[in-house]
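Engineer: input_10.pdb is the file, holding PDB, C-alpha atoms (C1' of nucleotides):
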```
ATOM      1  CA  MET Q   1     206.893 163.787  91.176
ATOM      2  CA  ILE Q   2     206.222 164.838  94.739
ATOM      3  CA  ILE Q   3     208.029 163.199  97.617
ATOM      4  CA  LYS Q   4     207.533 163.658 101.357
ATOM      5  CA  ILE Q   5     210.329 163.088 103.839
ATOM      6  CA  LEU Q   6     209.861 163.128 107.585
ATOM      7  CA  SER Q   7     212.598 163.308 110.238
ATOM      8  CA  TRP Q   8     211.972 162.567 113.915
ATOM      9  CA  ASN Q   9     214.031 161.839 117.002
ATOM     10  CA  VAL Q  10     211.594 159.408 118.595
ATOM     11  CA  ASN Q  11     213.558 158.606 121.781
ATOM     12  CA  SER Q  12     212.917 154.849 121.431
ATOM     13  CA  ILE Q  13     210.984 153.475 118.451
ATOM     14  CA  ARG Q  14     209.500 150.713 120.585
ATOM     15  CA  THR Q  15     208.058 153.147 123.113
ATOM     16  CA  ARG Q  16     206.878 155.567 120.425
ATOM     17  CA  LEU Q  17     205.677 153.023 117.871
ATOM     18  CA  GLU Q  18     201.960 153.887 117.948
ATOM     19  CA  GLN Q  19     202.685 157.613 117.640
ATOM     20  CA  VAL Q  20     205.023 157.078 114.702
ATOM     21  CA  LEU Q  21     202.485 154.868 112.919
ATOM     22  CA  ASN Q  22     199.779 157.493 113.501
ATOM     23  CA  VAL Q  23     201.957 160.233 112.017
ATOM     24  CA  CYS Q  24     202.676 157.973 109.029
ATOM     25  CA  GLN Q  25     198.981 157.346 108.456
ATOM     26  CA  LYS Q  26     198.168 161.022 108.775
ATOM     27  CA  TYR Q  27     200.961 162.495 106.622
ATOM     28  CA  LYS Q  28     201.939 159.520 104.450
ATOM     29  CA  PRO Q  29     205.638 160.343 104.112
ATOM     30  CA  ASP Q  30     207.454 158.378 101.406
ATOM     31  CA  ILE Q  31     210.609 158.336 103.499
ATOM     32  CA  ILE Q  32     210.880 158.255 107.284
ATOM     33  CA  CYS Q  33     214.173 159.184 108.969
ATOM     34  CA  LEU Q  34     214.307 158.275 112.649
ATOM     35  CA  GLN Q  35     216.899 159.015 115.302
ATOM     36  CA  GLU Q  36     217.398 157.554 118.779
ATOM     37  CA  THR Q  37     215.645 154.343 117.842
ATOM     38  CA  LYS Q  38     217.380 152.663 120.812
ATOM     39  CA  VAL Q  39     217.059 149.199 119.357
ATOM     40  CA  ILE Q  40     219.273 146.663 117.620
ATOM     41  CA  ASN Q  41     218.410 145.938 113.990
ATOM     42  CA  ASP Q  42     217.002 142.473 114.697
ATOM     43  CA  SER Q  43     214.472 143.884 117.162
ATOM     44  CA  PHE Q  44     213.269 146.797 115.014
ATOM     45  CA  PRO Q  45     209.437 146.594 114.843
ATOM     46  CA  GLN Q  46     209.202 146.079 111.084
ATOM     47  CA  ASN Q  47     205.872 144.238 110.958
ATOM     48  CA  GLU Q  48     203.812 147.221 112.029
ATOM     49  CA  PHE Q  49     205.352 149.366 109.296
ATOM     50  CA  LEU Q  50     204.859 146.625 106.697
ATOM     51  CA  LYS Q  51     201.109 146.809 107.355
ATOM     52  CA  LEU Q  52     201.199 150.478 106.329
ATOM     53  CA  GLY Q  53     203.074 149.750 103.124
ATOM     54  CA  TYR Q  54     206.573 150.579 104.339
ATOM     55  CA  SER Q  55     208.575 147.591 103.200
ATOM     56  CA  HIS Q  56     212.213 148.688 103.161
ATOM     57  CA  PHE Q  57     214.303 149.249 106.257
ATOM     58  CA  TYR Q  58     217.772 150.766 106.340
ATOM     59  CA  LEU Q  59     218.888 150.356 109.910
ATOM     60  CA  HIS Q  60     221.926 151.335 111.922
ATOM     61  CA  GLY Q  61     221.074 150.396 115.469
ATOM     62  CA  ILE Q  62     223.136 149.579 118.540
ATOM     63  CA  PRO Q  63     221.945 148.299 121.927
ATOM     64  CA  SER Q  64     220.357 150.704 124.439
ATOM     65  CA  TYR Q  65     220.932 154.105 122.916
ATOM     66  CA  ASN Q  66     221.568 156.077 119.715
ATOM     67  CA  GLY Q  67     220.415 154.275 116.561
ATOM     68  CA  VAL Q  68     219.060 155.655 113.283
ATOM     69  CA  ALA Q  69     216.767 154.268 110.607
ATOM     70  CA  ILE Q  70     215.386 155.152 107.206
ATOM     71  CA  ILE Q  71     212.118 153.469 106.268
ATOM     72  CA  THR Q  72     210.680 153.630 102.746
ATOM     73  CA  GLN Q  73     207.850 152.357 100.614
ATOM     74  CA  GLN Q  74     210.014 151.938  97.513
ATOM     75  CA  GLU Q  75     213.329 150.159  97.553
ATOM     76  CA  ALA Q  76     216.361 152.447  97.628
ATOM     77  CA  GLU Q  77     218.903 152.351  94.801
ATOM     78  CA  SER Q  78     221.662 152.045  97.390
ATOM     79  CA  PHE Q  79     222.408 152.674 101.028
ATOM     80  CA  ASP Q  80     225.535 153.405 102.986
ATOM     81  CA  ILE Q  81     226.972 153.841 106.417
ATOM     82  CA  LEU Q  82     229.664 156.501 106.228
ATOM     83  CA  ASP Q  83     233.105 156.048 107.663
ATOM     84  CA  LEU Q  84     232.941 159.445 109.371
ATOM     85  CA  SER Q  85     235.123 158.316 112.228
ATOM     86  CA  GLN Q  86     234.900 155.638 114.861
ATOM     87  CA  LEU Q  87     232.263 157.934 116.370
ATOM     88  CA  ASN Q  88     229.639 156.841 113.838
ATOM     89  CA  ASN Q  89     228.072 154.482 116.312
ATOM     90  CA  GLY Q  90     224.423 154.283 115.311
ATOM     91  CA  ARG Q  91     224.494 157.908 114.244
ATOM     92  CA  GLN Q  92     224.168 157.892 110.455
ATOM     93  CA  ILE Q  93     222.460 156.029 107.650
ATOM     94  CA  GLY Q  94     222.180 157.182 104.045
ATOM     95  CA  ILE Q  95     220.261 156.055 100.974
ATOM     96  CA  LYS Q  96     219.822 157.020  97.353
ATOM     97  CA  ILE Q  97     216.221 156.933  96.205
ATOM     98  CA  PHE Q  98     214.347 158.606  93.321
ATOM     99  CA  GLY Q  99     217.780 159.917  92.309
ATOM    100  CA  ILE Q 100     218.133 161.806  95.606
ATOM    101  CA  HIS Q 101     220.819 161.197  98.202
ATOM    102  CA  ILE Q 102     219.343 161.284 101.697
ATOM    103  CA  HIS Q 103     221.461 161.121 104.829
ATOM    104  CA  ASN Q 104     220.020 160.848 108.295
ATOM    105  CA  PHE Q 105     222.270 162.025 111.153
ATOM    106  CA  TYR Q 106     222.169 161.893 114.912
ATOM    107  CA  ILE Q 107     224.951 164.242 115.976
ATOM    108  CA  PRO Q 108     226.220 163.598 119.533
ATOM    109  CA  SER Q 109     224.536 165.626 122.251
ATOM    110  CA  GLY Q 110     227.831 166.584 123.850
ATOM    111  CA  GLY Q 111     227.269 166.085 127.563
ATOM    112  CA  ASP Q 112     227.072 168.834 130.136
ATOM    113  CA  VAL Q 113     230.263 170.854 130.145
ATOM    114  CA  PRO Q 114     231.114 172.733 126.945
ATOM    115  CA  ASP Q 115     234.851 172.179 127.232
ATOM    116  CA  GLU Q 116     236.504 169.522 125.078
ATOM    117  CA  LYS Q 117     239.516 169.366 127.383
ATOM    118  CA  ILE Q 118     237.542 168.030 130.311
ATOM    119  CA  ASN Q 119     234.461 166.547 128.655
ATOM    120  CA  LEU Q 120     235.058 163.730 126.166
ATOM    121  CA  LYS Q 121     231.438 163.839 124.981
ATOM    122  CA  PHE Q 122     231.849 167.450 123.947
ATOM    123  CA  LYS Q 123     235.092 166.610 122.155
ATOM    124  CA  ASN Q 124     233.273 163.770 120.365
ATOM    125  CA  LYS Q 125     230.572 166.191 119.277
ATOM    126  CA  LEU Q 126     233.085 168.628 117.804
ATOM    127  CA  ASP Q 127     235.011 165.765 116.169
ATOM    128  CA  PHE Q 128     231.804 164.503 114.598
ATOM    129  CA  LEU Q 129     231.134 167.993 113.221
ATOM    130  CA  LYS Q 130     234.675 168.169 111.853
ATOM    131  CA  ALA Q 131     234.098 164.824 110.120
ATOM    132  CA  LEU Q 132     230.875 166.181 108.607
ATOM    133  CA  ILE Q 133     232.729 169.269 107.386
ATOM    134  CA  SER Q 134     235.353 167.067 105.673
ATOM    135  CA  TRP Q 135     232.651 164.850 104.211
ATOM    136  CA  SER Q 136     230.788 167.918 102.868
ATOM    137  CA  LYS Q 137     233.931 169.015 101.058
ATOM    138  CA  LYS Q 138     234.338 165.623  99.390
ATOM    139  CA  ILE Q 139     230.843 165.026  98.077
ATOM    140  CA  THR Q 140     229.139 166.724  95.161
ATOM    141  CA  PRO Q 141     226.096 168.246  96.803
ATOM    142  CA  LYS Q 142     223.622 167.762  93.984
ATOM    143  CA  ASN Q 143     220.238 166.108  94.486
ATOM    144  CA  PHE Q 144     221.166 165.910  98.137
ATOM    145  CA  LEU Q 145     219.213 166.198 101.371
ATOM    146  CA  ILE Q 146     220.518 165.729 104.886
ATOM    147  CA  CYS Q 147     218.384 165.715 107.979
ATOM    148  CA  GLY Q 148     218.165 164.619 111.552
ATOM    149  CA  ASP Q 149     218.856 165.602 115.119
ATOM    150  CA  PHE Q 150     221.907 167.847 114.831
ATOM    151  CA  ASN Q 151     221.731 168.736 118.526
ATOM    152  CA  ILE Q 152     222.643 172.357 117.837
ATOM    153  CA  ALA Q 153     220.435 175.437 117.654
ATOM    154  CA  PRO Q 154     222.503 177.621 115.295
ATOM    155  CA  PHE Q 155     220.847 181.037 115.457
ATOM    156  CA  GLU Q 156     220.120 183.313 118.388
ATOM    157  CA  ASP Q 157     216.381 183.010 117.834
ATOM    158  CA  ASP Q 158     216.560 179.226 117.581
ATOM    159  CA  VAL Q 159     216.348 179.101 121.381
ATOM    160  CA  TRP Q 160     213.959 180.603 123.916
ATOM    161  CA  SER Q 161     216.728 182.772 125.396
ATOM    162  CA  HIS Q 162     220.049 183.291 123.676
ATOM    163  CA  LYS Q 163     221.367 185.042 126.752
ATOM    164  CA  GLN Q 164     220.532 182.174 129.093
ATOM    165  CA  LEU Q 165     221.680 179.429 126.728
ATOM    166  CA  LYS Q 166     224.849 180.851 125.212
ATOM    167  CA  ASP Q 167     226.984 178.728 127.572
ATOM    168  CA  VAL Q 168     224.719 175.690 127.501
ATOM    169  CA  VAL Q 169     225.654 172.735 125.274
ATOM    170  CA  SER Q 170     223.590 172.888 122.042
ATOM    171  CA  HIS Q 171     223.908 176.671 121.703
ATOM    172  CA  THR Q 172     227.516 177.580 122.561
ATOM    173  CA  ASP Q 173     229.533 179.759 120.180
ATOM    174  CA  ILE Q 174     231.894 176.960 119.172
ATOM    175  CA  GLU Q 175     229.108 174.520 118.319
ATOM    176  CA  ARG Q 176     227.232 177.169 116.346
ATOM    177  CA  LYS Q 177     230.446 178.076 114.541
ATOM    178  CA  TYR Q 178     231.129 174.453 113.563
ATOM    179  CA  LEU Q 179     227.559 173.873 112.439
ATOM    180  CA  LEU Q 180     227.553 177.009 110.282
ATOM    181  CA  LYS Q 181     230.919 175.980 108.833
ATOM    182  CA  PHE Q 182     229.360 172.629 107.943
ATOM    183  CA  LEU Q 183     226.446 174.490 106.314
ATOM    184  CA  GLU Q 184     228.799 176.772 104.404
ATOM    185  CA  VAL Q 185     231.348 174.273 103.047
ATOM    186  CA  GLY Q 186     228.609 171.961 101.788
ATOM    187  CA  ASN Q 187     226.662 174.806 100.207
ATOM    188  CA  TRP Q 188     223.729 173.475 102.169
ATOM    189  CA  ASN Q 189     220.483 175.359 102.597
ATOM    190  CA  ASP Q 190     218.601 175.398 105.884
ATOM    191  CA  ALA Q 191     215.241 174.434 104.393
ATOM    192  CA  VAL Q 192     213.292 174.787 107.625
ATOM    193  CA  ARG Q 193     214.401 178.313 108.516
ATOM    194  CA  ALA Q 194     214.014 179.377 104.886
ATOM    195  CA  GLN Q 195     210.270 178.971 105.388
ATOM    196  CA  ILE Q 196     209.499 179.065 109.097
ATOM    197  CA  ASN Q 197     210.593 181.955 111.287
ATOM    198  CA  PRO Q 198     209.595 183.550 114.592
ATOM    199  CA  PRO Q 199     207.055 184.451 115.830
ATOM    200  CA  GLU Q 200     205.863 181.181 114.333
ATOM    201  CA  ASN Q 201     207.234 178.238 116.295
ATOM    202  CA  VAL Q 202     210.655 177.136 115.070
ATOM    203  CA  PHE Q 203     211.469 174.867 118.026
ATOM    204  CA  THR Q 204     211.702 171.109 117.586
ATOM    205  CA  TRP Q 205     212.672 170.114 121.131
ATOM    206  CA  TRP Q 206     211.345 170.886 124.598
ATOM    207  CA  SER Q 207     212.880 169.416 127.752
ATOM    208  CA  TYR Q 208     211.029 166.715 129.659
ATOM    209  CA  ARG Q 209     211.940 168.610 132.800
ATOM    210  CA  SER Q 210     209.339 171.253 132.289
ATOM    211  CA  LYS Q 211     206.011 170.234 133.772
ATOM    212  CA  ASP Q 212     204.100 171.834 130.924
ATOM    213  CA  PHE Q 213     206.284 172.642 127.950
ATOM    214  CA  LYS Q 214     203.775 175.178 126.630
ATOM    215  CA  ILE Q 215     203.710 177.409 129.709
ATOM    216  CA  ASN Q 216     206.999 179.196 129.142
ATOM    217  CA  ASN Q 217     207.822 177.580 125.804
ATOM    218  CA  ARG Q 218     211.495 177.018 126.601
ATOM    219  CA  GLY Q 219     212.295 175.178 123.402
ATOM    220  CA  ARG Q 220     215.225 174.854 121.054
ATOM    221  CA  ARG Q 221     215.572 174.167 117.301
ATOM    222  CA  LEU Q 222     217.835 171.117 117.278
ATOM    223  CA  ASP Q 223     216.418 169.175 114.331
ATOM    224  CA  HIS Q 224     217.149 170.157 110.764
ATOM    225  CA  ILE Q 225     216.573 169.496 107.075
ATOM    226  CA  TRP Q 226     219.266 170.839 104.772
ATOM    227  CA  ILE Q 227     219.100 170.659 100.988
ATOM    228  CA  SER Q 228     221.489 171.191  98.090
ATOM    229  CA  ASN Q 229     221.195 174.262  95.841
ATOM    230  CA  ASP Q 230     219.447 172.433  93.010
ATOM    231  CA  LEU Q 231     216.743 171.115  95.365
ATOM    232  CA  LYS Q 232     216.322 174.594  96.830
ATOM    233  CA  LYS Q 233     215.134 175.732  93.415
ATOM    234  CA  LYS Q 234     212.304 173.186  93.399
ATOM    235  CA  ASN Q 235     208.949 173.898  94.977
ATOM    236  CA  TYR Q 236     208.957 172.638  98.515
ATOM    237  CA  SER Q 237     207.118 173.155 101.769
ATOM    238  CA  ILE Q 238     208.061 172.529 105.379
ATOM    239  CA  LYS Q 239     206.026 171.625 108.418
ATOM    240  CA  ILE Q 240     207.017 171.209 112.070
ATOM    241  CA  LEU Q 241     204.582 168.746 113.639
ATOM    242  CA  ASP Q 242     204.739 170.231 117.110
ATOM    243  CA  TYR Q 243     201.343 168.802 118.071
ATOM    244  CA  THR Q 244     203.097 165.516 118.871
ATOM    245  CA  ARG Q 245     204.688 167.158 121.921
ATOM    246  CA  THR Q 246     201.186 167.428 123.452
ATOM    247  CA  LEU Q 247     200.492 163.679 123.187
ATOM    248  CA  SER Q 248     200.765 161.482 126.235
ATOM    249  CA  ARG Q 249     204.232 159.959 126.655
ATOM    250  CA  PRO Q 250     205.722 162.105 123.905
ATOM    251  CA  SER Q 251     209.229 162.218 122.534
ATOM    252  CA  ASP Q 252     211.022 165.367 123.646
ATOM    253  CA  HIS Q 253     211.614 166.066 119.914
ATOM    254  CA  VAL Q 254     208.889 166.666 117.327
ATOM    255  CA  PRO Q 255     208.903 165.640 113.648
ATOM    256  CA  ILE Q 256     209.896 167.939 110.814
ATOM    257  CA  LYS Q 257     208.659 167.286 107.321
ATOM    258  CA  ILE Q 258     209.468 168.411 103.790
ATOM    259  CA  LYS Q 259     207.288 167.976 100.718
ATOM    260  CA  ILE Q 260     209.258 168.579  97.561
ATOM    261  CA  ASN Q 261     208.229 168.622  93.917
ATOM    262  CA  LEU Q 262     211.140 167.059  92.055
TER
ATOM    263  C1'  DA H   1     226.972 172.592 136.845
ATOM    264  C1'  DT H   2     222.276 171.636 138.278
ATOM    265  C1'  DG H   3     217.609 170.762 137.411
ATOM    266  C1'  DG H   4     211.541 169.700 137.343
ATOM    267  C1'  DC H   5     212.008 163.932 133.445
ATOM    268  C1'  DA H   6     212.268 159.746 130.465
ATOM    269  C1'  DA H   7     214.050 155.320 128.538
ATOM    270  C1'  DA H   8     217.042 151.128 128.521
ATOM    271  C1'  DT H   9     219.315 147.812 131.015
ATOM    272  C1'  DT H  10     219.514 145.309 134.921
ATOM    273  C1'  DG H  11     216.914 143.833 138.613
ATOM    274  C1'  DA H  12     216.814 149.676 142.689
ATOM    275  C1'  DA H  13     220.319 151.834 140.578
ATOM    276  C1'  DT H  14     222.980 153.599 136.801
ATOM    277  C1'  DT H  15     223.706 155.684 132.200
ATOM    278  C1'  DT H  16     222.283 158.605 128.657
ATOM    279  C1'  DG H  17     220.098 162.397 126.833
ATOM    280  C1'  DA H  18     220.537 168.254 126.149
TER
END
```
Represent the structure contained in this file as structure tokens.
Structural biologist:
Amino acid sequence: MIIKILSWNVNSIRTRLEQVLNVCQKYKPDIICLQETKVINDSFPQNEFLKLGYSHFYLHGIPSYNGVAIITQQEAESFDILDLSQLNNGRQIGIKIFGIHIHNFYIPSGGDVPDEKINLKFKNKLDFLKALISWSKKITPKNFLICGDFNIAPFEDDVWSHKQLKDVVSHTDIERKYLLKFLEVGNWNDAVRAQINPPENVFTWWSYRSKDFKINNRGRRLDHIWISNDLKKKNYSIKILDYTRTLSRPSDHVPIKIKINL
DNA sequence: ATGGCAAATTGAATTTGA
């Protein structure tokens, strides 16, 4: 059986609804993992998805910001919101479906200053990563996939300039170290970088502050799909749908997609 | 440590993102 899973930080599901529906019609993912839905559960636009055959909604929204969702055609066997810490505030939702555990994360961005002593947001980011490291040690990573906006570009060539971004939140040494520790203790596999490498585009995010994101291509790879060792052995393919960044009123993130033959 | 922006909330200004 072949399943398709798509992960996208949409920066408001209500603003991006038409674009998300278009991507669903075009690529027909079985499972849609969204981050930054920015909507409470009661206001999630379910009807439009129902028309496309997506009838199950696993939502963890809060007012105004954050918020994650998993949307499926088939009903999940179970779903859960992890007790990662009090910091799991619309930042994680997990399901089990087709025998696969899927967790959708929105790791905190971390604010401006990469110093946990003076910037609480940065401390929260590192604490969230520590919680994910502990969680990875506890679970049995079999038939497991985790995805989402991790807000960290782990490798030097995951950003447009390692030199210029090495002290910028999302690419500092300590964040990269924590993320790679998380990867290592869970025996996770970075499914996207296993298949897509420079000079092909690996970026999934481009700042809104650039007038034309294509001109100097100052992007970062902040969004990820990680899979357990057993899934790594299956046939799978990855696509970064960077065309969505060229649409009018785009999200600053683009979708990433995995097609896996179970 | 700031920016060239965007979205949500509240009601022109602030917070958040990264």
Engineer: Compute the set of chain Q residues within 8 Å of chain H, using all atoms listed in the file, and express it as a list of chain:residue names.
Structural biologist: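 Every residue of chain Q that passes the 8 Å test is in Q:Asn11, Q:Ser12, Q:Lys38, Q:Ser64, Q:Tyr65, Q:Ser109, Q:Gly110, Q:Gly111, Q:Asp112, Q:Val113, Q:Asn151, Q:Val169, Q:Ser170, Q:Ser207, Q:Tyr208, Q:Arg209, Q:Ser210, Q:Lys211.
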Engineer: Between atom CA of Lys233 of chain Q and atom CA of Leu179 of chain Q, what distance in Å does the model show, to one decimal?
Structural biologist: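 Interatomic distance, atom CA of Lys233 of chain Q to atom CA of Leu179 of chain Q: 22.8 Å.
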Engineer: For His101 of chain Q, which residue among Q:Leu21, Q:Leu183, Q:Ile139, Q:Ala194 is the nearest when counting all atoms listed in the file?
Structural biologist: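 Using all atoms listed in the file, the shortest distance to His101 of chain Q belongs to Q:Ile139.
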Engineer: Just the number, please: distance in Å from atom CA of Tyr106 of chain Q to atom CA of Ala191 of chain Q, one decimal.
Structural biologist: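 Going from atom CA of Tyr106 of chain Q over to atom CA of Ala191 of chain Q covers 17.8 Å.
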Engineer: Let me know the residues the PyMOL selection byres ((chain Q and resi 201) around 10) catches in the file above, as a list of chain:residue names.
Structural biologist: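 When the PyMOL selection byres ((chain Q and resi 201) around 10) is applied, the selected residues are Q:Asp158, Q:Ile196, Q:Asn197, Q:Pro198, Q:Pro199, Q:Glu200, Q:Val202, Q:Phe203, Q:Thr204, Q:Asn217, Q:Gly219, Q:Arg220, Q:Arg221, Q:Ile240, Q:Asp242.
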Engineer: Could the residues in this selection be written to a file with C-alpha atoms, as a tab-separated table (two decimals), keeping the file's coordinate frame?
Structural biologist:
```
chain	number	residue	atom	x	y	z
Q	158	ASP	CA	216.56	179.23	117.58
Q	196	ILE	CA	209.50	179.06	109.10
Q	197	ASN	CA	210.59	181.96	111.29
Q	198	PRO	CA	209.60	183.55	114.59
Q	199	PRO	CA	207.06	184.45	115.83
Q	200	GLU	CA	205.86	181.18	114.33
Q	202	VAL	CA	210.66	177.14	115.07
Q	203	PHE	CA	211.47	174.87	118.03
Q	204	THR	CA	211.70	171.11	117.59
Q	217	ASN	CA	207.82	177.58	125.80
Q	219	GLY	CA	212.30	175.18	123.40
Q	220	ARG	CA	215.22	174.85	121.05
Q	221	ARG	CA	215.57	174.17	117.30
Q	240	ILE	CA	207.02	171.21	112.07
Q	242	ASP	CA	204.74	170.23	117.11
```
Engineer: Need to verify the contact set: Ile260 of chain Q, 10 Å, all atoms listed in the file, exclusion of same-chain residues closer than 4 positions in sequence. Can you return it as a PyMOL selection string?
Structural biologist: chain Q and resi 1-5+231-232+234-238
Engineer: Just give me the gap between atom CA of Leu6 of chain Q and atom CA of Lys138 of chain Q in Å, one decimal is fine.
Structural biologist: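 Taking atom CA of Leu6 of chain Q as the start and atom CA of Lys138 of chain Q as the end point, the length is 25.9 Å.
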Engineer: Give as number ranges by chain the residues that the PyMOL selection byres ((chain Q and resi 121-132) around 12) matches when applied to the coordinates above.
Structural biologist: Q: 82-89, 91-92, 103, 105-120, 133-139, 146, 150-152, 168-170, 172-186; H: 16-18
Engineer: Please reconstruct the missing atoms of segment 134-145 of chain Q (target: N, CA and C atoms) and return them as a short mmCIF file (atom, residue, chain, number, x, y, z; two decimals), in the frame of the given file.
Structural biologist:
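Final output, saved to out-v4.cif:
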```cif
data_model
loop_
_atom_site.label_atom_id
_atom_site.label_comp_id
_atom_site.auth_asym_id
_atom_site.auth_seq_id
_atom_site.Cartn_x
_atom_site.Cartn_y
_atom_site.Cartn_z
N SER Q 134 234.49 167.73 106.66
CA SER Q 134 235.35 167.07 105.67
C SER Q 134 234.53 166.32 104.64
N TRP Q 135 233.52 165.62 105.12
CA TRP Q 135 232.65 164.85 104.21
C TRP Q 135 231.94 165.79 103.23
N SER Q 136 231.47 166.93 103.73
CA SER Q 136 230.79 167.92 102.87
C SER Q 136 231.69 168.42 101.75
N LYS Q 137 232.98 168.53 102.07
CA LYS Q 137 233.93 169.02 101.06
C LYS Q 137 234.16 167.98 99.97
N LYS Q 138 234.03 166.70 100.33
CA LYS Q 138 234.34 165.62 99.39
C LYS Q 138 233.20 165.32 98.42
N ILE Q 139 231.97 165.44 98.91
CA ILE Q 139 230.84 165.03 98.08
C ILE Q 139 230.49 166.12 97.07
N THR Q 140 229.72 165.74 96.07
CA THR Q 140 229.14 166.72 95.16
C THR Q 140 227.70 166.93 95.60
N PRO Q 141 227.43 168.07 96.22
CA PRO Q 141 226.10 168.25 96.80
C PRO Q 141 225.03 168.59 95.77
N LYS Q 142 224.67 167.59 95.00
CA LYS Q 142 223.62 167.76 93.98
C LYS Q 142 222.58 166.67 94.23
N ASN Q 143 221.31 167.05 94.13
CA ASN Q 143 220.24 166.11 94.49
C ASN Q 143 220.49 165.50 95.87
N PHE Q 144 220.72 166.37 96.83
CA PHE Q 144 221.17 165.91 98.14
C PHE Q 144 220.32 166.53 99.24
N LEU Q 145 219.95 165.71 100.20
CA LEU Q 145 219.21 166.20 101.37
C LEU Q 145 219.79 165.52 102.60
#
```
